[in-house]
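Peer 1: This is the structure, below, for whatever I ask next.
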2 protein chains.
Amino acid sequence: MREALKMYAERLSAFGKFEMVEVAEGHAGSAKPDMRKTKLAEAQNLTKNPPQESFLVALDETGQQYTSPKFTELLERQAANGRLVVFLIGGSWGLDESVLKQADLTLSLGKLTLPHSLARIVLLEQIYRAHMISAGREYHK
Amino acid sequence: MREALKMYAERLSAFGKFEMVEVAEGHAGSAKPDMRKTKLAEAQNLTKNPPQESFLVALDETGQQYTSPKFTELLERQAANGRLVVFLIGGSWGLDESVLKQADLTLSLGKLTLPHSLARIVLLEQIYRAHMISAGREYHK
């Protein structure tokens, strides 16, 4: 998974500003973490210093689903508006409600529950795909 | 990607009969393949010898979406009926219409277009997740 992630991150760097930030998990290493507290701590870590002029996208199964072309349009629109798109992916229990409320958009990758690592790869692949579509390059389905 | 695939395949083998079959791509190595012909050739390769008592699931973005618990119920129901669940994933252009018609179910992993390799990993992860849910084991989101 790490290798696939690295590959997409490298490909994306070629298209310009791309950064991957990991914040600490909210359970602080506890063996039997409390779900609510964990999610709250993660929410605070995630939303502490939002970049200026950013468009916050929270990932959640309950969010809106996009086709790849529509997702491409979304990224193009934000880029045209000079806004940095920030994607927030939760930990094992997903994102806290407060993050969803704060976000400009809640995005769903599908109804299925994905582990964090896989959600991250699917998202990176879609961002990469969007760049390829924007650049008018051929890209396999 | 291959490593992640291998990991899930190994985990799944622990739960019983699991087999991954790759059929030849339909373009026979052509540099400028014809989409229709390619998909037809792949369809023939994929549906040539369906196992007896099988439940055919074709993967397509236009299909039905399941939550992970509902997907688990689907697999449990087929297992209870003694049917082998066969998942069919298309190549670069997806599956031919004829495969979708022949399938017992068309399943969508989400509206986003995924490359074959990633669709395969997401599917394997969900089958593994379903087994964990069925076995009543704790499994991270």
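Please note that chains go A, B, ... in the order of the structure tokens, that every chain numbers its residues from 1, and that ligands are numbered from 1 in the order shown.
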For chain A, report every residue with an atom at most 7 Å from chain B (counting only C-alpha atoms), formatted as a PDB file with N, CA and C atoms, in the first residue's frame.

Peer 2:
```
ATOM      1  N   MET A   1       0.838  -1.201   0.000  1.00  0.00           N
ATOM      2  CA  MET A   1       0.000   0.000   0.000  1.00  0.00           C
ATOM      3  C   MET A   1       0.880   1.261   0.000  1.00  0.00           C
ATOM      4  N   ALA A   4       2.288   1.902  -3.432  1.00  0.00           N
ATOM      5  CA  ALA A   4       1.304   2.430  -4.383  1.00  0.00           C
ATOM      6  C   ALA A   4       1.059   3.910  -4.085  1.00  0.00           C
ATOM      7  N   GLN A  65     -21.349  11.594  -4.134  1.00  0.00           N
ATOM      8  CA  GLN A  65     -20.479  10.822  -5.034  1.00  0.00           C
ATOM      9  C   GLN A  65     -20.316  11.555  -6.354  1.00  0.00           C
ATOM     10  N   TYR A  66     -19.129  11.483  -6.881  1.00  0.00           N
ATOM     11  CA  TYR A  66     -18.823  12.106  -8.168  1.00  0.00           C
ATOM     12  C   TYR A  66     -18.359  11.041  -9.151  1.00  0.00           C
ATOM     13  N   THR A  67     -18.665  11.250 -10.415  1.00  0.00           N
ATOM     14  CA  THR A  67     -18.017  10.452 -11.447  1.00  0.00           C
ATOM     15  C   THR A  67     -16.628  11.073 -11.619  1.00  0.00           C
ATOM     16  N   SER A  68     -15.717  10.363 -12.275  1.00  0.00           N
ATOM     17  CA  SER A  68     -14.364  10.907 -12.461  1.00  0.00           C
ATOM     18  C   SER A  68     -14.372  12.210 -13.275  1.00  0.00           C
ATOM     19  N   SER A  92      -9.507   5.241  11.789  1.00  0.00           N
ATOM     20  CA  SER A  92     -10.279   3.991  11.784  1.00  0.00           C
ATOM     21  C   SER A  92     -11.788   4.183  11.880  1.00  0.00           C
ATOM     22  N   TRP A  93     -12.220   5.238  12.560  1.00  0.00           N
ATOM     23  CA  TRP A  93     -13.657   5.444  12.725  1.00  0.00           C
ATOM     24  C   TRP A  93     -14.202   6.569  11.848  1.00  0.00           C
ATOM     25  N   LEU A 109     -16.467   8.152  -1.630  1.00  0.00           N
ATOM     26  CA  LEU A 109     -15.804   7.351  -2.673  1.00  0.00           C
ATOM     27  C   LEU A 109     -16.679   6.161  -3.062  1.00  0.00           C
ATOM     28  N   GLY A 110     -17.798   6.010  -2.378  1.00  0.00           N
ATOM     29  CA  GLY A 110     -18.694   4.882  -2.616  1.00  0.00           C
ATOM     30  C   GLY A 110     -19.300   4.446  -1.301  1.00  0.00           C
ATOM     31  N   LYS A 111     -20.315   3.586  -1.378  1.00  0.00           N
ATOM     32  CA  LYS A 111     -21.003   3.172  -0.151  1.00  0.00           C
ATOM     33  C   LYS A 111     -20.174   2.228   0.714  1.00  0.00           C
ATOM     34  N   LEU A 112     -19.255   1.526   0.083  1.00  0.00           N
ATOM     35  CA  LEU A 112     -18.442   0.561   0.816  1.00  0.00           C
ATOM     36  C   LEU A 112     -17.528   1.267   1.816  1.00  0.00           C
ATOM     37  N   THR A 113     -17.288   0.632   2.926  1.00  0.00           N
ATOM     38  CA  THR A 113     -16.350   1.158   3.912  1.00  0.00           C
ATOM     39  C   THR A 113     -14.944   0.753   3.510  1.00  0.00           C
ATOM     40  N   LEU A 114     -14.081   1.723   3.303  1.00  0.00           N
ATOM     41  CA  LEU A 114     -12.700   1.416   2.943  1.00  0.00           C
ATOM     42  C   LEU A 114     -11.781   1.696   4.129  1.00  0.00           C
ATOM     43  N   PRO A 115     -10.718   0.906   4.273  1.00  0.00           N
ATOM     44  CA  PRO A 115      -9.735   1.245   5.311  1.00  0.00           C
ATOM     45  C   PRO A 115      -9.013   2.526   4.894  1.00  0.00           C
ATOM     46  N   HIS A 140      -6.051   5.041 -19.087  1.00  0.00           N
ATOM     47  CA  HIS A 140      -6.880   3.834 -19.068  1.00  0.00           C
ATOM     48  C   HIS A 140      -7.932   3.922 -17.975  1.00  0.00           C
ATOM     49  N   LYS A 141      -9.017   3.246 -18.214  1.00  0.00           N
ATOM     50  CA  LYS A 141     -10.054   3.145 -17.200  1.00  0.00           C
ATOM     51  C   LYS A 141      -9.604   2.171 -16.123  1.00  0.00           C
TER      52      LYS A 141
END
```

Peer 1: Out of stretch 59-97 of chain B, which residues get strand (DSSP E or B) from DSSP, as a tab-separated table (two decimals) with N, CA and C atoms, in the first residue's frame?

Peer 2:
```tsv
chain	number	residue	atom	x	y	z
B	59	LEU	N	-18.69	-6.41	-12.35
B	59	LEU	CA	-18.38	-5.09	-11.78
B	59	LEU	C	-18.53	-4.00	-12.83
B	60	ASP	N	-19.34	-3.03	-12.51
B	60	ASP	CA	-19.56	-1.92	-13.44
B	60	ASP	C	-20.04	-0.70	-12.65
B	61	GLU	N	-19.56	0.47	-13.05
B	61	GLU	CA	-19.92	1.70	-12.33
B	61	GLU	C	-21.43	1.96	-12.30
B	62	THR	N	-22.13	1.41	-13.30
B	62	THR	CA	-23.58	1.66	-13.38
B	62	THR	C	-24.37	0.70	-12.50
B	63	GLY	N	-23.68	-0.23	-11.87
B	63	GLY	CA	-24.37	-1.26	-11.09
B	63	GLY	C	-24.89	-0.79	-9.76
B	64	GLN	N	-25.30	-1.76	-8.96
B	64	GLN	CA	-25.87	-1.49	-7.66
B	64	GLN	C	-24.75	-1.32	-6.63
B	65	GLN	N	-24.91	-0.34	-5.76
B	65	GLN	CA	-23.91	-0.15	-4.71
B	65	GLN	C	-24.39	-0.79	-3.41
B	84	LEU	N	-21.20	-20.65	-5.55
B	84	LEU	CA	-19.87	-20.05	-5.60
B	84	LEU	C	-20.02	-18.65	-6.20
B	85	VAL	N	-19.54	-17.65	-5.52
B	85	VAL	CA	-19.66	-16.29	-6.05
B	85	VAL	C	-18.47	-15.99	-6.96
B	86	VAL	N	-18.77	-15.64	-8.20
B	86	VAL	CA	-17.73	-15.34	-9.18
B	86	VAL	C	-17.82	-13.86	-9.54
B	87	PHE	N	-16.74	-13.13	-9.27
B	87	PHE	CA	-16.70	-11.70	-9.59
B	87	PHE	C	-15.96	-11.52	-10.91
B	88	LEU	N	-16.54	-10.75	-11.80
B	88	LEU	CA	-15.94	-10.50	-13.10
B	88	LEU	C	-15.54	-9.02	-13.19
B	91	GLY	N	-11.36	-5.23	-18.28
B	91	GLY	CA	-10.06	-4.63	-18.53
B	91	GLY	C	-10.18	-3.11	-18.61
B	94	GLY	N	-13.61	-1.71	-19.21
B	94	GLY	CA	-14.72	-2.31	-18.48
B	94	GLY	C	-15.25	-3.55	-19.18
```

Peer 1: Show which residues sit within 9 Å of B:His131, as a PyMOL selection string. Count only C-alpha atoms, and ignore same-chain residues fewer than 6 positions away.

Peer 2: chain B and resi 12+15+72+75-76+137

Peer 1: Go ahead and save the residues from that selection, with C-alpha atoms, as a PDB file, in the first residue's frame.

Peer 2:
```pdb
ATOM      1  CA  LEU B  12      -8.700 -14.820   1.981  1.00  0.00           C
ATOM      2  CA  PHE B  15     -11.141 -18.516   4.975  1.00  0.00           C
ATOM      3  CA  THR B  72     -21.519  -9.274   3.689  1.00  0.00           C
ATOM      4  CA  LEU B  75     -22.025 -13.274   0.317  1.00  0.00           C
ATOM      5  CA  GLU B  76     -23.540 -15.101   3.284  1.00  0.00           C
ATOM      6  CA  ARG B 137     -14.259 -10.253  14.418  1.00  0.00           C
TER       7      ARG B 137
END
```

Peer 1: What does the distance from atom CA of B:Ala80 to atom CA of B:Met7 come to in Å, to one decimal?

Peer 2: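 Atom-to-atom, atom CA of B:Ala80 and atom CA of B:Met7 are spaced 26.6 Å apart.
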
Peer 1: Hey, can you check how far atom CA of B:Gly82 sits from atom CA of B:Gln52?

Peer 2: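 Distance between the two atoms: 10.4 Å.
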
Peer 1: For the structure I just gave you, how does DSSP split chain A - specifically, which residues are alpha helix (DSSP H)? Reply as an NGL selection string.

Peer 2: :A and (2-13 or 35-46 or 68-80 or 97-102 or 116-134)

Peer 1: Can you measure atom CA of A:Thr106 to atom CA of A:Ser13 for me? One decimal in Å is fine.

Peer 2: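 Between atom CA of A:Thr106 and atom CA of A:Ser13 the gap is 24.5 Å.
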